[in-house]
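Peer 1: Here you go, one structure.
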Amino acid sequence: MLEQLLIYQPEDPISFLIKHLQRDNDNVPKIVILGPPASGKTTIAMWLCKHLNSNLLTSDNLIERKSSSVAEEARKHYQKFKSVPGPLLIKLIQQRLTDEDCVKKGWILDGIPETREQALVIQTLGIAPRHVIVLSAPDTVLIERNLGKRIDPQTREIYHTTFDWPPELEVQNRLIEPEGVSELETAQKLLVYHRNIIRILPSYPKILKTINADQPCVDVFYQALTFVQSGHRSNAPFTPRVLLLGPMGSGKRLQAGLLAQKYGLVNVCCGQLLKEAVADKSKIGELIWSFLEKKVTVPDSVIMKILAERLDRQDCVQKGWVLHGVPRDLDQAQKLDSLGYIPNRVFFLNVPLDSIMERLTLRRVDPVTGERYHLMYKPPPTMEIQARLLQHPKDSEERVKFKVDLYYRNSAELGHFYRWATTINGDQDPYTVFEYIESGIINPLPKKGL
């Protein structure tokens with residue numbers, strides 16, 4: 001964020017920062033892949049693009065854009081001179097990066113910048129990659145590779161007559177030999193590349209990784225993927241705002257307690273807040289009680305008012321918070337978001353219905369001592385105690401099934417709203433679940449469920 005302020009130097013820094021935070025794209029890929037001809041950079045870039053669900057930017061697809069006057073100018077220049085001037089190429093990049101898909105999903109630049117001058121102009125415009133990958137291989141290997149290179153004109157996939165020939169006859173028949181792959185032409189391109197790359201690399205001193213491209217393509221890809229998934233940690237303080245979502249019985253309350261205890265976060269339970277408001281006998285508490293007494297759902301407006309009051313307190317602002325019990329549906333999630341209570345870590349705890357039934361419907365309480373038991377995990381010590389145990393109405397099979405079904409009916413919309421969230425298998429040892437949650441807080445948020 002500080003980097004963006006230094007680059008753009010806006011007249012109104014507060015407004016600039018608010019817009020930057022609203023974009024919430026600090027963790028999207030911003031990658032540059034460089035390398036000599038035939039090093040495999042386009043293949044690696046395409047694989048990374050598919051794996052990271054990002055956007056691939058190449059000289060070819062930039063000048064092929066149909067709705068851009070800059071692209072049209074670039075096409076005319078290319079048709080006449082077989083090249084695109086650096087300033088025109090950078091205009092195309094700048095224009096493309098403002099598109100919504102690039103803002104939300106990030107980008108991967110393939111083979112750009114080509115010169116130090118381009119690298120400096122790109123940096124001046126505030127186009128700052130987070131990872132720069134440079135592929136390297138001996139010139140003799142690269143010349144041999146280039147001689148056998150073939151391209152699928154439909155998909156732009158690159159194949160090789162020796163190393164990577166497609167099994168499908170239909171694909172084989174449509175492959176074409178690209179221009180400029182003869183031994184002499186490749187040698188000339190390599191000479192230009194080596195002259196330029198040594199001047200480009202000093203522009204990216206701390207975010208650069210060189211990978212040996214003279215090995216199987218899959219090995220190169222996994223080294224590149226490991227590098228781009230590593231985060232460059234900031235020294236800035238990080239205030240966790242954690243949201244735990246899951247059906248009743250998924251362990252949200254326990255995990256929130258563990259997080260609050262270890263990291264000093266404020267444990268914010270929506271149900272507990274409502275009970276406290278009723279106990280205080282305040283005006284809003286009396287209003288809440290009027291709904292609870294009639295067994296009617298408390299309106300979202302009342303819930304949000306109680307929640308906002310708690311999250312605005314100094315301890316939540318300074319220490320961070322872990323919230324559970326709300327939102328229960330998309331409307332509540334949108335209201336939270338509109339009020340500015342935006343979590344920076346969201347976890348879905350998924351537990352099968354059978355496990356939830358086992359956890360909840362076997363719970364009992366001793367009306368004499370108030371002691372809580374579980375018929376399977378913590379059975380009563382004597383038959384006398386067991387005989388007097390009671391089940392809370394909310395733990396009945398019908399009630400649990402209804403609540404779980406209601407949660408999963410709303411969870412799809414919540415999952416789409418918090419699409420960057422982490423899904424965790426909650427049907428395992430609670431401390432194992434906690435380790436997964438903890439790793440998601442300390443490290444950049446994983447994309448796949450655990």
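Chains: A, B, ... in order of the structure tokens. Residues: from 1 per chain. Ligands: from 1, in order shown.
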As a PyMOL selection string, please: every residue in stretch 280-352 of chain A that DSSP puts in strand (DSSP E or B).

Peer 2: chain A and resi 321-324+345-350

Peer 1: With only C-alpha atoms as the counted atoms, please give the residues lying no more than 12 Å from A:Gly415, apart from itself and same-chain residues fewer than 4 positions off, as an NGL selection string.

Peer 2: :A and (245-246 or 327-330 or 333 or 346-350 or 407-411 or 419-423 or 449)

Peer 1: Can you list every residue of stretch 154-264 of chain A that has an atom at most 7 Å from stretch 34-55 of chain A, with its nearest atom pair and the distance in Å to one decimal, using only C-alpha atoms, ordered by chain then number, as JSON lines?

Peer 2:
{"residue": "A:Ile158", "atom": "CA", "partner": "A:Thr43", "partner_atom": "CA", "distance": 6.8}
{"residue": "A:Leu190", "atom": "CA", "partner": "A:Pro36", "partner_atom": "CA", "distance": 6.2}
{"residue": "A:Tyr193", "atom": "CA", "partner": "A:Pro36", "partner_atom": "CA", "distance": 6.1}
{"residue": "A:Ala213", "atom": "CA", "partner": "A:Ser39", "partner_atom": "CA", "distance": 6.0}
{"residue": "A:Phe221", "atom": "CA", "partner": "A:Ile44", "partner_atom": "CA", "distance": 5.7}
{"residue": "A:Leu225", "atom": "CA", "partner": "A:Leu48", "partner_atom": "CA", "distance": 6.8}

Peer 1: Using Å and a single decimal, report how far atom CA of A:Ile207 sits from atom CA of A:Gly106.

Peer 2: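 Between these atoms lies a distance of 16.6 Å.
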
Peer 1: With a distance cut-off of 12 Å and only C-alpha atoms, select the neighbouring residues of A:Asn61, excluding the residue or stretch itself and same-chain residues fewer than 4 positions from it, and output the selection as JSON, numbers by chain.

Peer 2: {"A": [55, 56, 57, 65, 66, 68, 71, 74, 75, 89, 92, 93, 96, 109, 110, 155, 156]}

Peer 1: Just the number, please: distance in Å from atom CA of A:Ile151 to atom CA of A:Gln223, one decimal.

Peer 2: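 Taking atom CA of A:Ile151 and atom CA of A:Gln223, their separation equals 24.6 Å.
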
Peer 1: How would you write, as a ChimeraX atom specification, the set of residues in stretch 80-139 of chain A that DSSP gives as alpha helix (DSSP H)?

Peer 2: /A:80-81,86-97,100-105,116-124,139

Peer 1: Need the shell around A:His324: protein/DNA/RNA residues with any atom at most 9 Å away, counting only C-alpha atoms. Skip same-chain ones fewer than 6 positions apart. Format as a ChimeraX atom specification?

Peer 2: /A:242-246,252-253,256,267-271

Peer 1: Any chance you could export the current selection's N, CA, C and O atoms as a PDB file, in the first residue's frame?

Peer 2:
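That gives us again13.pdb:
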ATOM      1  N   VAL A 242     -11.179 -11.999  11.534  1.00  0.00           N
ATOM      2  CA  VAL A 242     -11.451 -13.379  11.137  1.00  0.00           C
ATOM      3  C   VAL A 242     -12.942 -13.674  11.227  1.00  0.00           C
ATOM      4  O   VAL A 242     -13.590 -13.339  12.219  1.00  0.00           O
ATOM      5  N   LEU A 243     -13.472 -14.309  10.184  1.00  0.00           N
ATOM      6  CA  LEU A 243     -14.864 -14.734  10.171  1.00  0.00           C
ATOM      7  C   LEU A 243     -14.914 -16.254  10.067  1.00  0.00           C
ATOM      8  O   LEU A 243     -14.325 -16.841   9.154  1.00  0.00           O
ATOM      9  N   LEU A 244     -15.601 -16.892  11.022  1.00  0.00           N
ATOM     10  CA  LEU A 244     -15.782 -18.339  11.002  1.00  0.00           C
ATOM     11  C   LEU A 244     -17.225 -18.656  10.625  1.00  0.00           C
ATOM     12  O   LEU A 244     -18.167 -18.180  11.275  1.00  0.00           O
ATOM     13  N   LEU A 245     -17.391 -19.449   9.585  1.00  0.00           N
ATOM     14  CA  LEU A 245     -18.710 -19.842   9.122  1.00  0.00           C
ATOM     15  C   LEU A 245     -18.825 -21.364   9.139  1.00  0.00           C
ATOM     16  O   LEU A 245     -17.848 -22.073   8.899  1.00  0.00           O
ATOM     17  N   GLY A 246     -20.016 -21.848   9.415  1.00  0.00           N
ATOM     18  CA  GLY A 246     -20.227 -23.293   9.451  1.00  0.00           C
ATOM     19  C   GLY A 246     -21.559 -23.604  10.104  1.00  0.00           C
ATOM     20  O   GLY A 246     -22.142 -22.765  10.795  1.00  0.00           O
ATOM     21  N   LYS A 252     -17.323 -23.799  15.625  1.00  0.00           N
ATOM     22  CA  LYS A 252     -16.946 -22.391  15.469  1.00  0.00           C
ATOM     23  C   LYS A 252     -16.601 -21.756  16.807  1.00  0.00           C
ATOM     24  O   LYS A 252     -15.614 -21.018  16.930  1.00  0.00           O
ATOM     25  N   ARG A 253     -17.421 -22.016  17.811  1.00  0.00           N
ATOM     26  CA  ARG A 253     -17.227 -21.394  19.123  1.00  0.00           C
ATOM     27  C   ARG A 253     -15.874 -21.809  19.726  1.00  0.00           C
ATOM     28  O   ARG A 253     -15.135 -20.972  20.246  1.00  0.00           O
ATOM     29  N   ALA A 256     -13.000 -20.188  17.713  1.00  0.00           N
ATOM     30  CA  ALA A 256     -12.929 -18.753  18.025  1.00  0.00           C
ATOM     31  C   ALA A 256     -12.247 -18.542  19.373  1.00  0.00           C
ATOM     32  O   ALA A 256     -11.414 -17.635  19.529  1.00  0.00           O
ATOM     33  N   ASN A 267     -13.178 -12.088  20.915  1.00  0.00           N
ATOM     34  CA  ASN A 267     -14.104 -13.140  20.504  1.00  0.00           C
ATOM     35  C   ASN A 267     -15.518 -12.551  20.440  1.00  0.00           C
ATOM     36  O   ASN A 267     -16.114 -12.234  21.466  1.00  0.00           O
ATOM     37  N   VAL A 268     -16.031 -12.388  19.225  1.00  0.00           N
ATOM     38  CA  VAL A 268     -17.337 -11.751  19.032  1.00  0.00           C
ATOM     39  C   VAL A 268     -18.335 -12.804  18.569  1.00  0.00           C
ATOM     40  O   VAL A 268     -18.311 -13.248  17.418  1.00  0.00           O
ATOM     41  N   CYS A 269     -19.215 -13.211  19.480  1.00  0.00           N
ATOM     42  CA  CYS A 269     -20.267 -14.182  19.171  1.00  0.00           C
ATOM     43  C   CYS A 269     -21.594 -13.434  19.098  1.00  0.00           C
ATOM     44  O   CYS A 269     -22.014 -12.794  20.078  1.00  0.00           O
ATOM     45  N   CYS A 270     -22.244 -13.505  17.953  1.00  0.00           N
ATOM     46  CA  CYS A 270     -23.474 -12.742  17.756  1.00  0.00           C
ATOM     47  C   CYS A 270     -24.541 -13.142  18.773  1.00  0.00           C
ATOM     48  O   CYS A 270     -25.193 -12.278  19.378  1.00  0.00           O
ATOM     49  N   GLY A 271     -24.736 -14.433  18.992  1.00  0.00           N
ATOM     50  CA  GLY A 271     -25.746 -14.896  19.945  1.00  0.00           C
ATOM     51  C   GLY A 271     -25.483 -14.394  21.352  1.00  0.00           C
ATOM     52  O   GLY A 271     -26.414 -13.985  22.069  1.00  0.00           O
TER      53      GLY A 271
END

Peer 1: Quote the spacing between atom CA of A:Lys189 and atom CA of A:Leu142 in Å to one decimal place.

Peer 2: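 Distance between the two atoms: 10.9 Å.
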
Peer 1: Between A:Lys319, A:Lys335, A:Lys295, A:Lys105, which residue has the minimum interatomic distance to A:Leu307, considering only C-alpha atoms?

Peer 2: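 Among the listed residues, the smallest separation from A:Leu307 belongs to A:Lys335.
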
Peer 1: Point out the residue among A:Arg174, A:Lys403, A:Glu438, A:Asp331 with the least atom-to-atom distance to A:Tyr263, counting only C-alpha atoms.

Peer 2: A:Glu438

Peer 1: Do a neighbour search on stretch 360-362 of chain A at 8 Å with only C-alpha atoms, toss out local chain neighbours closer than 3 positions, and write the hits as an MDAnalysis selection string.

Peer 2: chainID A and resid 249 356:357 374:376 391 395:397 400

Peer 1: Please determine, counting only C-alpha atoms, which residue among A:Val28, A:Lys206, A:Thr58, A:Gly126 has the shortest atom-to-atom distance to A:Val103.

Peer 2: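 Looking at the shortest contact to A:Val103, the residue is A:Val28.
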
Peer 1: If we count only C-alpha atoms, what is near A:Ile303 at a cut-off of 12 Å, once residues fewer than 6 positions away on the same chain are taken out, given as an mmCIF file with N, CA, C and O atoms, in the first residue's frame?

Peer 2:
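And here is the file that came out, around-v2.cif:
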data_model
loop_
_atom_site.group_PDB
_atom_site.id
_atom_site.type_symbol
_atom_site.label_atom_id
_atom_site.label_comp_id
_atom_site.auth_asym_id
_atom_site.auth_seq_id
_atom_site.Cartn_x
_atom_site.Cartn_y
_atom_site.Cartn_z
ATOM 1 N N CYS A 269 -19.215 -13.211 19.480
ATOM 2 C CA CYS A 269 -20.267 -14.182 19.171
ATOM 3 C C CYS A 269 -21.594 -13.434 19.098
ATOM 4 O O CYS A 269 -22.014 -12.794 20.078
ATOM 5 N N CYS A 270 -22.244 -13.505 17.953
ATOM 6 C CA CYS A 270 -23.474 -12.742 17.756
ATOM 7 C C CYS A 270 -24.541 -13.142 18.773
ATOM 8 O O CYS A 270 -25.193 -12.278 19.378
ATOM 9 N N GLY A 271 -24.736 -14.433 18.992
ATOM 10 C CA GLY A 271 -25.746 -14.896 19.945
ATOM 11 C C GLY A 271 -25.483 -14.394 21.352
ATOM 12 O O GLY A 271 -26.414 -13.985 22.069
ATOM 13 N N GLN A 272 -24.205 -14.393 21.731
ATOM 14 C CA GLN A 272 -23.840 -13.909 23.072
ATOM 15 C C GLN A 272 -24.115 -12.419 23.214
ATOM 16 O O GLN A 272 -24.553 -11.946 24.270
ATOM 17 N N LEU A 273 -23.871 -11.659 22.144
ATOM 18 C CA LEU A 273 -24.133 -10.216 22.181
ATOM 19 C C LEU A 273 -25.619 -9.946 22.414
ATOM 20 O O LEU A 273 -25.987 -9.028 23.171
ATOM 21 N N LEU A 274 -26.472 -10.726 21.763
ATOM 22 C CA LEU A 274 -27.916 -10.548 21.935
ATOM 23 C C LEU A 274 -28.329 -10.870 23.370
ATOM 24 O O LEU A 274 -29.134 -10.141 23.982
ATOM 25 N N LYS A 275 -27.765 -11.943 23.935
ATOM 26 C CA LYS A 275 -28.076 -12.314 25.324
ATOM 27 C C LYS A 275 -27.621 -11.236 26.298
ATOM 28 O O LYS A 275 -28.332 -10.899 27.260
ATOM 29 N N ALA A 277 -27.259 -8.049 25.679
ATOM 30 C CA ALA A 277 -28.119 -6.867 25.525
ATOM 31 C C ALA A 277 -29.423 -7.056 26.295
ATOM 32 O O ALA A 277 -29.914 -6.118 26.954
ATOM 33 N N ILE A 284 -32.639 -1.399 23.617
ATOM 34 C CA ILE A 284 -32.475 -2.354 22.510
ATOM 35 C C ILE A 284 -32.564 -3.786 23.030
ATOM 36 O O ILE A 284 -33.038 -4.689 22.343
ATOM 37 N N GLY A 285 -32.139 -3.993 24.283
ATOM 38 C CA GLY A 285 -32.267 -5.312 24.897
ATOM 39 C C GLY A 285 -33.720 -5.714 25.056
ATOM 40 O O GLY A 285 -34.104 -6.868 24.809
ATOM 41 N N LEU A 287 -36.118 -4.621 23.234
ATOM 42 C CA LEU A 287 -36.621 -4.866 21.882
ATOM 43 C C LEU A 287 -36.262 -6.286 21.432
ATOM 44 O O LEU A 287 -37.102 -7.007 20.875
ATOM 45 N N ILE A 288 -35.018 -6.678 21.697
ATOM 46 C CA ILE A 288 -34.573 -8.039 21.328
ATOM 47 C C ILE A 288 -35.399 -9.081 22.073
ATOM 48 O O ILE A 288 -35.831 -10.083 21.499
ATOM 49 N N PHE A 291 -38.745 -10.040 20.653
ATOM 50 C CA PHE A 291 -38.710 -11.001 19.541
ATOM 51 C C PHE A 291 -38.431 -12.415 20.054
ATOM 52 O O PHE A 291 -39.057 -13.379 19.625
ATOM 53 N N THR A 297 -37.570 -14.437 14.749
ATOM 54 C CA THR A 297 -36.196 -14.055 14.401
ATOM 55 C C THR A 297 -35.970 -12.563 14.642
ATOM 56 O O THR A 297 -36.804 -11.731 14.250
ATOM 57 N N GLU A 309 -21.905 -1.783 17.206
ATOM 58 C CA GLU A 309 -21.499 -1.177 18.475
ATOM 59 C C GLU A 309 -20.302 -1.922 19.077
ATOM 60 O O GLU A 309 -19.382 -1.312 19.608
ATOM 61 N N ARG A 310 -20.313 -3.258 18.962
ATOM 62 C CA ARG A 310 -19.219 -4.044 19.538
ATOM 63 C C ARG A 310 -17.940 -3.939 18.708
ATOM 64 O O ARG A 310 -16.837 -3.787 19.238
ATOM 65 N N GLY A 325 -21.337 -16.799 14.219
ATOM 66 C CA GLY A 325 -22.775 -16.685 14.465
ATOM 67 C C GLY A 325 -23.478 -15.760 13.506
ATOM 68 O O GLY A 325 -24.709 -15.720 13.465
ATOM 69 N N VAL A 326 -22.742 -15.030 12.720
ATOM 70 C CA VAL A 326 -23.268 -14.104 11.732
ATOM 71 C C VAL A 326 -22.127 -13.834 10.738
ATOM 72 O O VAL A 326 -20.958 -13.847 11.156
ATOM 73 N N PRO A 327 -22.397 -13.676 9.444
ATOM 74 C CA PRO A 327 -23.698 -13.672 8.770
ATOM 75 C C PRO A 327 -24.234 -15.089 8.552
ATOM 76 O O PRO A 327 -23.471 -16.021 8.345
ATOM 77 N N ARG A 328 -25.562 -15.178 8.571
ATOM 78 C CA ARG A 328 -26.211 -16.466 8.319
ATOM 79 C C ARG A 328 -26.681 -16.599 6.875
ATOM 80 O O ARG A 328 -27.017 -17.696 6.444
ATOM 81 N N GLN A 332 -27.214 -10.622 5.208
ATOM 82 C CA GLN A 332 -26.420 -10.190 6.358
ATOM 83 C C GLN A 332 -24.963 -9.936 5.951
ATOM 84 O O GLN A 332 -24.342 -8.988 6.428
ATOM 85 N N LYS A 335 -24.815 -6.621 4.261
ATOM 86 C CA LYS A 335 -24.968 -5.525 5.228
ATOM 87 C C LYS A 335 -23.675 -5.300 6.000
ATOM 88 O O LYS A 335 -23.250 -4.154 6.221
ATOM 89 N N LEU A 336 -23.030 -6.391 6.431
ATOM 90 C CA LEU A 336 -21.745 -6.272 7.122
ATOM 91 C C LEU A 336 -20.733 -5.541 6.250
ATOM 92 O O LEU A 336 -20.002 -4.663 6.716
#

Peer 1: Which of these residues is nearest to A:Gly86, using only C-alpha atoms: A:Leu258, A:Leu120, A:Ile442, A:Ala137?

Peer 2: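 Using only C-alpha atoms, A:Gly86 sits closest to A:Leu120.
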
Peer 1: Looking at only C-alpha atoms, which of A:Ile143, A:Ile342, A:Val228, A:Leu292 is the one that sits closest to A:Pro129?

Peer 2: A:Val228

Peer 1: Calculated over only C-alpha atoms, which of the candidates A:Val266, A:Ile33, A:Val181, A:Val302 has the smallest distance to A:Gln314?

Peer 2: A:Val266

Peer 1: Write out as number ranges by chain each polymer residue whose atoms come within 10 Å of A:Pro178, counting only C-alpha atoms; drop sequence neighbours fewer than 5 positions from it.

Peer 2: A: 146-153, 158
